[in-house]
>>> print(open('model_5.txt').read())   # compact mmCIF, C-alpha atoms and all ligand atoms
# COMPACT_ATOMS: atom_id res chain seq x y z
CA MET A 1 24.49 -24.57 3.09
CA ASN A 2 22.01 -24.43 0.20
CA VAL A 3 19.49 -21.63 0.11
CA PRO A 4 16.70 -22.08 -2.43
CA PHE A 5 14.96 -19.10 -4.00
CA VAL A 6 11.58 -20.38 -2.79
CA ASP A 7 10.72 -23.59 -0.92
CA LEU A 8 7.16 -24.68 -1.61
CA ARG A 9 7.81 -28.05 0.01
CA ALA A 10 8.53 -26.49 3.41
CA GLN A 11 5.13 -24.81 3.33
CA TYR A 12 3.33 -27.96 2.26
CA ASP A 13 4.89 -29.88 5.15
CA SER A 14 3.42 -27.37 7.59
CA LEU A 15 -0.05 -27.55 5.98
CA LYS A 16 -0.44 -31.20 5.02
CA ASP A 17 -3.01 -32.03 7.69
CA GLU A 18 -5.29 -29.19 6.61
CA ILE A 19 -4.79 -29.32 2.86
CA LEU A 20 -5.18 -33.01 2.13
CA PRO A 21 -8.69 -33.34 3.65
CA ALA A 22 -9.78 -30.16 1.82
CA ILE A 23 -8.58 -31.59 -1.50
CA GLN A 24 -10.17 -34.94 -0.71
CA LYS A 25 -13.49 -33.24 -0.06
CA VAL A 26 -13.47 -31.66 -3.52
CA ILE A 27 -12.59 -34.95 -5.18
CA GLU A 28 -15.36 -36.80 -3.33
CA SER A 29 -17.88 -34.08 -4.16
CA THR A 30 -16.71 -34.19 -7.82
CA GLN A 31 -17.11 -30.38 -8.01
CA PHE A 32 -13.89 -30.10 -9.99
CA ILE A 33 -14.72 -26.77 -11.61
CA LEU A 34 -15.97 -23.73 -9.65
CA GLY A 35 -18.42 -25.12 -7.04
CA GLU A 36 -18.53 -24.60 -3.29
CA SER A 37 -14.81 -24.45 -2.61
CA VAL A 38 -14.28 -21.70 -5.19
CA ALA A 39 -17.33 -19.73 -4.05
CA GLY A 40 -16.16 -20.01 -0.45
CA PHE A 41 -12.72 -18.72 -1.33
CA GLU A 42 -14.16 -15.91 -3.45
CA ASN A 43 -16.26 -14.69 -0.51
CA GLN A 44 -13.35 -14.80 1.92
CA PHE A 45 -10.96 -13.09 -0.47
CA ALA A 46 -13.46 -10.33 -1.33
CA SER A 47 -14.31 -9.57 2.30
CA MET A 48 -10.64 -9.53 3.30
CA HIS A 49 -10.24 -6.67 0.80
CA GLY A 50 -13.49 -4.89 1.49
CA ALA A 51 -14.50 -5.64 -2.11
CA ALA A 52 -18.05 -6.53 -3.07
CA HIS A 53 -17.12 -9.16 -5.65
CA CYS A 54 -14.38 -11.70 -6.34
CA ILE A 55 -14.31 -13.72 -9.55
CA GLY A 56 -12.05 -16.77 -9.35
CA VAL A 57 -10.30 -17.54 -12.63
CA GLY A 58 -7.64 -19.80 -14.13
CA SER A 59 -4.57 -17.57 -13.63
CA GLY A 60 -3.38 -14.02 -13.06
CA THR A 61 -3.06 -13.62 -16.82
CA ASP A 62 -6.71 -14.66 -17.18
CA ALA A 63 -7.66 -12.17 -14.47
CA LEU A 64 -5.99 -9.26 -16.30
CA HIS A 65 -7.41 -10.33 -19.67
CA LEU A 66 -10.95 -10.90 -18.37
CA ALA A 67 -11.07 -7.59 -16.52
CA LEU A 68 -9.87 -5.57 -19.52
CA TRP A 69 -12.29 -7.39 -21.80
CA ALA A 70 -15.20 -6.68 -19.46
CA MET A 71 -14.12 -3.01 -19.30
CA GLY A 72 -14.67 -2.93 -23.05
CA VAL A 73 -11.05 -2.68 -24.23
CA GLY A 74 -10.84 -3.52 -27.93
CA SER A 75 -8.71 -3.24 -31.03
CA GLU A 76 -8.83 0.54 -31.46
CA ASP A 77 -7.75 1.24 -27.90
CA GLU A 78 -4.61 2.04 -25.97
CA VAL A 79 -3.91 0.80 -22.45
CA ILE A 80 -1.17 2.39 -20.37
CA THR A 81 1.15 0.30 -18.21
CA VAL A 82 4.85 0.04 -17.31
CA PRO A 83 7.64 -1.76 -19.21
CA HIS A 84 9.20 -3.03 -15.97
CA THR A 85 6.79 -5.88 -15.17
CA PHE A 86 6.06 -9.47 -16.05
CA ILE A 87 4.96 -9.78 -19.68
CA ALA A 88 1.46 -10.99 -18.71
CA THR A 89 0.49 -7.39 -17.86
CA ALA A 90 1.03 -6.34 -21.47
CA GLU A 91 -0.18 -9.61 -23.00
CA ALA A 92 -3.63 -9.00 -21.54
CA ILE A 93 -3.69 -5.76 -23.57
CA SER A 94 -2.35 -7.25 -26.82
CA LEU A 95 -4.66 -10.27 -26.62
CA LEU A 96 -7.60 -7.88 -27.00
CA GLY A 97 -5.94 -6.31 -30.02
CA ALA A 98 -5.28 -3.10 -28.08
CA ARG A 99 -1.95 -1.30 -27.95
CA PRO A 100 0.20 -1.32 -24.81
CA VAL A 101 1.51 2.19 -24.13
CA PHE A 102 4.36 2.30 -21.65
CA VAL A 103 5.36 4.89 -19.08
CA ASP A 104 8.57 4.55 -17.10
CA VAL A 105 8.79 3.57 -13.43
CA ASP A 106 10.04 5.61 -10.49
CA PRO A 107 13.77 4.94 -9.89
CA ASP A 108 13.21 4.22 -6.18
CA THR A 109 9.88 2.42 -5.85
CA TYR A 110 10.11 0.72 -9.28
CA THR A 111 6.41 1.39 -9.87
CA MET A 112 4.55 3.67 -12.32
CA ASN A 113 5.72 7.28 -12.12
CA PRO A 114 2.58 9.43 -11.79
CA GLU A 115 4.39 12.44 -13.27
CA LEU A 116 4.82 10.57 -16.56
CA LEU A 117 1.32 9.13 -16.71
CA GLU A 118 -0.57 12.22 -17.77
CA ARG A 119 1.59 12.82 -20.85
CA ALA A 120 0.89 9.29 -22.11
CA ILE A 121 -2.89 9.71 -22.04
CA THR A 122 -4.54 10.18 -25.46
CA PRO A 123 -8.18 10.14 -26.63
CA LYS A 124 -7.64 6.41 -27.31
CA THR A 125 -6.63 5.52 -23.74
CA LYS A 126 -9.20 3.04 -22.49
CA ALA A 127 -7.59 1.81 -19.24
CA ILE A 128 -4.52 2.19 -17.03
CA ILE A 129 -2.75 -0.76 -15.38
CA PRO A 130 -0.42 0.21 -12.53
CA VAL A 131 1.59 -2.77 -11.26
CA HIS A 132 2.20 -3.14 -7.50
CA LEU A 133 5.60 -4.58 -8.24
CA TYR A 134 7.54 -6.81 -5.83
CA GLY A 135 4.80 -6.36 -3.19
CA GLN A 136 4.64 -2.59 -2.83
CA VAL A 137 1.52 -0.56 -3.70
CA CYS A 138 2.02 2.15 -6.37
CA ALA A 139 1.46 5.84 -5.68
CA MET A 140 -2.26 5.19 -6.03
CA GLU A 141 -3.54 8.55 -4.73
CA GLU A 142 -1.70 10.44 -7.48
CA LEU A 143 -2.46 7.85 -10.15
CA MET A 144 -6.18 7.71 -9.28
CA GLU A 145 -6.43 11.50 -9.26
CA ILE A 146 -5.11 11.64 -12.83
CA ALA A 147 -7.19 8.67 -14.01
CA ASN A 148 -10.39 10.06 -12.44
CA ARG A 149 -9.81 13.48 -13.93
CA HIS A 150 -9.61 11.87 -17.38
CA LYS A 151 -12.42 9.39 -16.55
CA ILE A 152 -10.23 6.39 -17.41
CA PRO A 153 -10.77 3.16 -15.45
CA VAL A 154 -7.83 1.69 -13.53
CA LEU A 155 -7.09 -2.03 -13.36
CA GLU A 156 -4.56 -2.77 -10.61
CA ASP A 157 -2.10 -5.56 -11.36
CA ALA A 158 -1.96 -6.88 -7.79
CA CYS A 159 -0.41 -10.23 -8.80
CA GLN A 160 2.58 -9.64 -6.49
CA SER A 161 0.95 -7.69 -3.68
CA HIS A 162 -1.46 -9.85 -1.66
CA LEU A 163 -2.35 -7.93 1.54
CA ALA A 164 -0.03 -5.00 0.81
CA THR A 165 -1.53 -1.70 1.95
CA ARG A 166 -1.17 2.02 1.35
CA ASN A 167 -2.62 4.48 3.85
CA GLY A 168 -4.44 1.56 5.38
CA ARG A 169 -6.11 0.48 2.14
CA PRO A 170 -5.28 -2.89 0.62
CA ALA A 171 -3.82 -3.38 -2.84
CA GLY A 172 -6.74 -4.12 -5.10
CA SER A 173 -9.14 -1.66 -3.46
CA PHE A 174 -8.19 1.51 -5.35
CA GLY A 175 -9.11 0.95 -9.00
CA MET A 176 -12.25 -0.20 -10.77
CA ALA A 177 -10.89 -3.75 -10.60
CA ALA A 178 -7.76 -5.62 -9.55
CA ALA A 179 -6.12 -8.79 -10.85
CA PHE A 180 -4.46 -11.30 -8.53
CA SER A 181 -2.33 -14.33 -9.37
CA PHE A 182 -2.15 -17.47 -7.27
CA TYR A 183 0.72 -18.99 -9.23
CA PRO A 184 2.39 -21.43 -6.80
CA GLY A 185 5.34 -19.12 -6.06
CA LYS A 186 3.23 -16.03 -5.30
CA ASN A 187 2.62 -14.92 -1.70
CA LEU A 188 -0.67 -16.82 -1.86
CA GLY A 189 -0.08 -19.78 -4.16
CA ALA A 190 -2.38 -22.51 -5.45
CA TYR A 191 -1.31 -26.07 -6.30
CA GLY A 192 -1.51 -25.29 -9.99
CA GLU A 193 -2.73 -22.28 -11.95
CA ALA A 194 -5.25 -19.86 -10.42
CA GLY A 195 -6.11 -16.16 -10.24
CA ALA A 196 -8.92 -13.78 -9.33
CA VAL A 197 -10.40 -10.38 -10.09
CA LEU A 198 -11.74 -8.12 -7.36
CA THR A 199 -14.20 -5.34 -8.02
CA SER A 200 -16.94 -3.46 -6.25
CA ASP A 201 -18.62 -2.53 -9.54
CA ARG A 202 -21.65 -4.77 -9.79
CA ALA A 203 -22.18 -4.48 -13.54
CA LEU A 204 -18.52 -5.25 -14.21
CA ALA A 205 -18.64 -8.25 -11.86
CA GLU A 206 -21.72 -9.62 -13.61
CA LYS A 207 -20.09 -9.23 -17.00
CA MET A 208 -16.94 -10.98 -15.81
CA ARG A 209 -18.90 -13.89 -14.32
CA MET A 210 -20.62 -14.31 -17.64
CA LEU A 211 -17.48 -14.05 -19.80
CA ARG A 212 -15.68 -16.45 -17.43
CA ASP A 213 -18.18 -19.18 -18.25
CA HIS A 214 -18.73 -19.00 -22.03
CA GLY A 215 -20.97 -15.96 -21.85
CA GLN A 216 -23.77 -17.76 -20.04
CA LYS A 217 -25.77 -16.41 -17.14
CA GLU A 218 -28.08 -19.35 -17.17
CA ARG A 219 -27.12 -22.77 -18.45
CA TYR A 220 -27.57 -23.17 -22.23
CA HIS A 221 -28.29 -19.44 -22.68
CA HIS A 222 -25.17 -17.74 -24.03
CA GLN A 223 -25.79 -14.00 -23.98
CA VAL A 224 -22.40 -13.14 -25.35
CA SER A 225 -19.51 -15.13 -26.78
CA GLY A 226 -17.12 -15.52 -23.85
CA HIS A 227 -14.32 -17.86 -22.91
CA ASN A 228 -13.36 -20.40 -20.25
CA TYR A 229 -11.57 -18.69 -17.36
CA ARG A 230 -12.99 -20.89 -14.58
CA MET A 231 -11.04 -21.76 -11.45
CA ASP A 232 -10.64 -25.43 -10.47
CA GLY A 233 -12.42 -26.68 -7.35
CA ILE A 234 -9.18 -28.13 -5.98
CA GLN A 235 -7.46 -24.73 -6.29
CA GLY A 236 -10.35 -23.05 -4.49
CA ALA A 237 -9.98 -25.54 -1.62
CA VAL A 238 -6.19 -25.10 -1.39
CA LEU A 239 -6.51 -21.31 -1.47
CA GLY A 240 -9.28 -21.36 1.14
CA VAL A 241 -6.99 -23.23 3.55
CA LYS A 242 -3.95 -21.09 2.77
CA LEU A 243 -5.73 -17.74 3.03
CA LYS A 244 -6.00 -18.11 6.81
CA HIS A 245 -2.21 -18.33 7.01
CA LEU A 246 -1.48 -15.44 4.68
CA PRO A 247 -1.26 -12.69 7.35
CA GLY A 248 1.28 -14.76 9.30
CA TRP A 249 3.31 -15.56 6.20
CA THR A 250 3.26 -11.88 5.23
CA ALA A 251 4.59 -10.87 8.64
CA ALA A 252 7.37 -13.47 8.26
CA ARG A 253 8.37 -12.05 4.87
CA GLN A 254 8.48 -8.57 6.42
CA ARG A 255 10.72 -9.81 9.26
CA HIS A 256 13.06 -11.42 6.72
CA ALA A 257 13.18 -8.15 4.79
CA ARG A 258 14.09 -6.18 7.96
CA LEU A 259 16.99 -8.57 8.57
CA TYR A 260 18.21 -8.29 4.96
CA ASP A 261 17.91 -4.48 5.27
CA GLN A 262 19.97 -4.50 8.43
CA LEU A 263 22.69 -6.89 7.23
CA LEU A 264 23.08 -5.39 3.76
CA ARG A 265 23.15 -1.71 4.69
CA ASN A 266 26.22 0.03 3.20
CA VAL A 267 27.51 -3.12 1.51
CA GLY A 268 29.28 -2.48 -1.83
CA ASP A 269 27.20 -0.43 -4.26
CA LEU A 270 23.96 -2.15 -3.22
CA LYS A 271 20.68 -0.30 -3.45
CA LEU A 272 18.15 -1.89 -1.10
CA PRO A 273 14.35 -1.76 -1.48
CA THR A 274 12.91 1.71 -0.84
CA LEU A 275 9.75 1.87 1.24
CA SER A 276 7.45 4.64 0.17
CA PRO A 277 5.77 6.37 3.10
CA ASP A 278 2.44 4.97 4.22
CA THR A 279 2.89 1.63 2.49
CA SER A 280 3.34 -1.83 3.90
CA HIS A 281 5.52 -3.81 1.49
CA VAL A 282 4.72 -7.54 1.43
CA TYR A 283 8.00 -8.56 -0.24
CA HIS A 284 6.82 -10.99 -2.85
CA LEU A 285 10.39 -10.34 -3.93
CA TYR A 286 13.32 -8.79 -2.10
CA VAL A 287 15.17 -7.06 -4.93
CA ILE A 288 18.56 -5.37 -4.64
CA LEU A 289 20.36 -3.40 -7.35
CA SER A 290 24.07 -3.59 -8.14
CA LYS A 291 26.22 -2.67 -11.13
CA GLN A 292 28.01 -5.98 -10.52
CA ARG A 293 24.77 -7.97 -10.60
CA ASP A 294 25.88 -10.66 -13.06
CA ASP A 295 29.14 -11.43 -11.23
CA LEU A 296 27.40 -11.35 -7.87
CA ARG A 297 24.74 -13.74 -9.11
CA LYS A 298 27.35 -16.22 -10.40
CA PHE A 299 29.26 -15.99 -7.14
CA LEU A 300 26.15 -16.70 -5.07
CA GLU A 301 25.20 -19.61 -7.30
CA ARG A 302 28.62 -21.21 -6.72
CA GLU A 303 28.02 -20.79 -2.98
CA GLY A 304 24.68 -22.63 -3.16
CA ILE A 305 22.44 -19.57 -3.09
CA ALA A 306 19.67 -19.35 -5.69
CA THR A 307 18.61 -15.92 -6.93
CA GLY A 308 16.24 -14.59 -9.60
CA LEU A 309 15.96 -11.74 -12.10
CA HIS A 310 12.74 -9.70 -12.12
CA TYR A 311 12.96 -8.49 -14.83
CA PRO A 312 16.19 -8.27 -16.83
CA ILE A 313 14.70 -7.15 -20.16
CA PRO A 314 11.97 -4.50 -20.04
CA LEU A 315 8.94 -5.19 -22.21
CA HIS A 316 9.66 -2.44 -24.75
CA LEU A 317 12.94 -4.20 -25.63
CA GLN A 318 11.36 -7.66 -25.97
CA GLU A 319 11.18 -9.10 -29.48
CA ALA A 320 7.45 -9.68 -28.92
CA TYR A 321 6.92 -5.92 -28.66
CA ALA A 322 9.39 -4.70 -31.29
CA GLY A 323 6.36 -3.65 -33.37
CA LEU A 324 5.41 -0.95 -30.85
CA GLY A 325 8.31 1.14 -32.09
CA TYR A 326 10.06 1.86 -28.80
CA GLN A 327 13.86 2.12 -28.71
CA LYS A 328 16.66 1.44 -26.31
CA GLY A 329 16.67 4.57 -24.17
CA SER A 330 12.89 5.04 -24.31
CA PHE A 331 12.50 4.12 -20.62
CA PRO A 332 15.84 4.67 -18.89
CA ASN A 333 14.73 3.71 -15.36
CA SER A 334 13.26 0.40 -16.44
CA GLU A 335 16.35 -0.36 -18.50
CA SER A 336 18.73 0.52 -15.69
CA ILE A 337 16.81 -1.58 -13.13
CA GLY A 338 16.82 -4.48 -15.61
CA THR A 339 20.61 -4.55 -15.80
CA LYS A 340 21.09 -4.25 -12.01
CA CYS A 341 18.23 -6.11 -10.32
CA LEU A 342 18.79 -9.26 -8.31
CA SER A 343 16.08 -11.04 -6.33
CA LEU A 344 17.32 -12.72 -3.15
CA PRO A 345 15.76 -15.83 -1.58
CA MET A 346 12.42 -14.85 -0.04
CA PHE A 347 9.63 -17.04 1.33
CA ALA A 348 7.86 -17.23 4.67
CA GLU A 349 9.73 -20.35 5.85
CA LEU A 350 13.18 -18.87 5.15
CA ARG A 351 15.31 -19.20 8.30
CA GLU A 352 17.39 -16.53 10.00
CA ASP A 353 20.59 -18.57 9.59
CA GLN A 354 19.92 -18.81 5.86
CA ILE A 355 19.50 -15.03 5.59
CA ARG A 356 22.71 -14.47 7.56
CA PHE A 357 24.53 -16.91 5.28
CA VAL A 358 23.27 -15.11 2.15
CA CYS A 359 24.29 -11.71 3.53
CA ASN A 360 27.72 -12.92 4.65
CA LYS A 361 28.36 -14.27 1.16
CA ILE A 362 27.27 -10.98 -0.41
CA ARG A 363 29.67 -9.11 1.90
CA GLU A 364 32.40 -11.57 1.00
CA PHE A 365 31.79 -10.87 -2.71
CA PHE A 366 32.23 -7.14 -2.25
C1 LIG B 401 2.56 -13.55 -11.85
C2 LIG B 401 2.20 -12.27 -12.50
C3 LIG B 401 1.21 -12.20 -13.50
C4 LIG B 401 0.58 -13.39 -14.12
O1 LIG B 401 0.04 -14.33 -13.26
P1 LIG B 401 -0.10 -15.86 -13.70
O2 LIG B 401 -0.94 -16.43 -12.61
O3 LIG B 401 1.26 -16.45 -13.76
O4 LIG B 401 -0.79 -15.90 -15.02
C5 LIG B 401 0.88 -10.94 -13.97
N1 LIG B 401 1.47 -9.83 -13.53
C6 LIG B 401 2.44 -9.87 -12.60
C7 LIG B 401 3.05 -8.59 -12.14
C8 LIG B 401 2.84 -11.09 -12.07
O5 LIG B 401 3.82 -11.12 -11.16
>>> encode(input="model_5.txt", output="structure tokens", more="lines below")
Ligand SMILES: *Cc1c(COP(=O)(O)O)cnc(C)c1O
Amino acid sequence: MNVPFVDLRAQYDSLKDEILPAIQKVIESTQFILGESVAGFENQFASMHGAAHCIGVGSGTDALHLALWAMGVGSEDEVITVPHTFIATAEAISLLGARPVFVDVDPDTYTMNPELLERAITPKTKAIIPVHLYGQVCAMEELMEIANRHKIPVLEDACQSHLATRNGRPAGSFGMAAAFSFYPGKNLGAYGEAGAVLTSDRALAEKMRMLRDHGQKERYHHQVSGHNYRMDGIQGAVLGVKLKHLPGWTAARQRHARLYDQLLRNVGDLKLPTLSPDTSHVYHLYVILSKQRDDLRKFLEREGIATGLHYPIPLHLQEAYAGLGYQKGSFPNSESIGTKCLSLPMFAELREDQIRFVCNKIREFF
């Protein structure tokens, strides 16, 4: 048996009859950029989150960059985030000339440790980006309390956490703004690059809409020098169709996770995902930790099982960020997770027999 890490084809096969006419409609309307399909998706996505505004953009990286820019982050500023994340989180900071300041993650939830946040705040801190990693919402109550006390805006990196909740509130509804990615492999994936920012701050939304489209509010009148972050019409149409299925796909991921949990309990030295109380994890990734990660990964590959690493080298040890002056040992939890993490196959269409096969092989390895 072969078990892929994700299977985008299986999802397309189940959606073909809905997706193709939606794409055709965009092509025939020739609204290739923004237009009705994007506006329709923006409205649906915003209301699903109880947010007042959604700004559809070209990618999750664009979403992070645009939101920080609109918040006024510039070259003299510091922005706090975690080193255990995808590099795009920090790139959005560096692209504005600001300095990424890292705080370590919690050893169980793998998200920003609120106890370490306060110490990293300086007079230069202009924003905080907690990352809802793997599909689980950060300890937002604690993080927001600290951020609010210091009057620092929070941008949630919700690129992996579509429809995840904490105390009944969805990811993306806690901070001043939230960035989402619709990269094809994400829980809600476009057929190309796409992303979005959610906010309920009207002034921020207006600024982002302007910056997204070359700083113009009205055609030919460029109030500020902006950029092109616009979402494609075809992506808006694909996302509009897929959004209706997202709750069902999320429930499927959660069922798969329960089965993994059950079949992998007390196997070898495995550490399984920890659910923090009051959160619903949406399992963008099902990540296990093992000291024998590299051997286990090779073994599974030989058995036809694809796995991933998210993320083996924390950002403070990347060559790109050598200039920040961090050392090996600066963030022990992120470093330890990096050497042990292994992402198992996870997608809505994954079958029970495939999960059983993966778990049997893992048991066999140990
Ligand atoms: C995917 C991802 C991004 C970037 O999204 P793109 O759409 O690929 O640009 C940013 N942050 C995190 C945590 C991600 O997983």
>>> residues_near_ligand(input="model_5.txt", ligand="ligand LIG 401 (chain B)", cutoff="8 Å", atoms="all atoms listed in the file", output="PyMOL selection string")
chain A and resi 58-64+85-89+131-134+157-160+179-183+186+193-195
>>> residues_around(input="model_5.txt", residues="stretch 330-347 of chain A", least_positions_apart="2", cutoff="6 Å", atoms="all atoms listed in the file", output="count of residues only")
22
>>> residues_around(input="model_5.txt", residues="stretch 218-234 of chain A", least_positions_apart="2", cutoff="7 Å", atoms="all atoms listed in the file", output="VMD selection string")
chain A and resid 23 26 31 to 35 37 to 38 56 to 58 62 194 211 to 216 236 to 238
>>> atom_distance(input="model_5.txt", atom1="atom CA of A:Arg302", atom2="atom CA of A:Pro4")
12.7 Å
>>> residues_around(input="model_5.txt", residues="A:Phe45", least_positions_apart="5", cutoff="9 Å", atoms="only C-alpha atoms", output="PyMOL selection string")
chain A and resi 40+50-51+53-54+198+240+243
>>> closest_atom_pairs(input="model_5.txt", of="stretch 106-153 of chain A", to="stretch 266-284 of chain A", cutoff="9 Å", atoms="all atoms listed in the file", output="Markdown table")
| residue | atom | partner | partner_atom | distance |
| --- | --- | --- | --- | --- |
| A:Asp108 | CA | A:Thr274 | CA | 5.9 |
| A:Thr109 | CA | A:Thr274 | CA | 5.9 |
| A:Tyr110 | CA | A:Thr274 | CA | 8.9 |
| A:Leu133 | CA | A:His284 | CA | 8.5 |
| A:Tyr134 | CA | A:His284 | CA | 5.2 |
| A:Gly135 | CA | A:Val282 | CA | 4.8 |
| A:Gln136 | CA | A:His281 | CA | 4.6 |
| A:Val137 | CA | A:Thr279 | CA | 6.7 |
| A:Cys138 | CA | A:Ser276 | CA | 8.9 |
| A:Ala139 | CA | A:Ser276 | CA | 8.5 |
>>> residues_around(input="model_5.txt", residues="A:Val154", least_positions_apart="4", cutoff="7 Å", atoms="only C-alpha atoms", output="list in words")
Ala127, Ile128, Ile129, Gly175, Met176 and Ala177 of chain A
>>> closest_residue(input="model_5.txt", among="A:Ala348, A:Ala10, A:Val3, A:Ala67", to="A:Arg253", atoms="only C-alpha atoms")
A:Ala348
>>> atom_distance(input="model_5.txt", atom1="atom CA of A:Asp7", atom2="atom CA of A:Ala178")
27.2 Å
>>> closest_residue(input="model_5.txt", among="A:Met48, A:Ile305, A:Ala90, A:Val197", to="A:Arg209", atoms="only C-alpha atoms")
A:Val197
>>> atom_distance(input="model_5.txt", atom1="atom CA of A:Ser94", atom2="atom CA of A:Val73")
10.2 Å
>>> closest_atom_pairs(input="model_5.txt", of="stretch 134-153 of chain A", to="stretch 121-125 of chain A", cutoff="12 Å", atoms="only C-alpha atoms", output="JSON lines")
{"residue": "A:Ile146", "atom": "CA", "partner": "A:Ile121", "partner_atom": "CA", "distance": 9.7}
{"residue": "A:Ala147", "atom": "CA", "partner": "A:Ile121", "partner_atom": "CA", "distance": 9.2}
{"residue": "A:Arg149", "atom": "CA", "partner": "A:Ile121", "partner_atom": "CA", "distance": 11.3}
{"residue": "A:His150", "atom": "CA", "partner": "A:Ile121", "partner_atom": "CA", "distance": 8.5}
{"residue": "A:Lys151", "atom": "CA", "partner": "A:Thr125", "partner_atom": "CA", "distance": 10.0}
{"residue": "A:Ile152", "atom": "CA", "partner": "A:Thr125", "partner_atom": "CA", "distance": 7.3}
{"residue": "A:Pro153", "atom": "CA", "partner": "A:Thr125", "partner_atom": "CA", "distance": 9.6}
>>> closest_residue(input="model_5.txt", among="A:Pro114, A:Gly329, A:Pro247, A:Pro130", to="A:Leu188", atoms="only C-alpha atoms")
A:Pro247
>>> closest_residue(input="model_5.txt", among="A:Ala190, A:Ala22, A:Ile362, A:Ala251", to="A:Leu8", atoms="all atoms listed in the file")
A:Ala190
>>> closest_residue(input="model_5.txt", among="A:Leu15, A:Leu68, A:Leu95, A:Leu246", to="A:Leu155", atoms="all atoms listed in the file")
A:Leu68
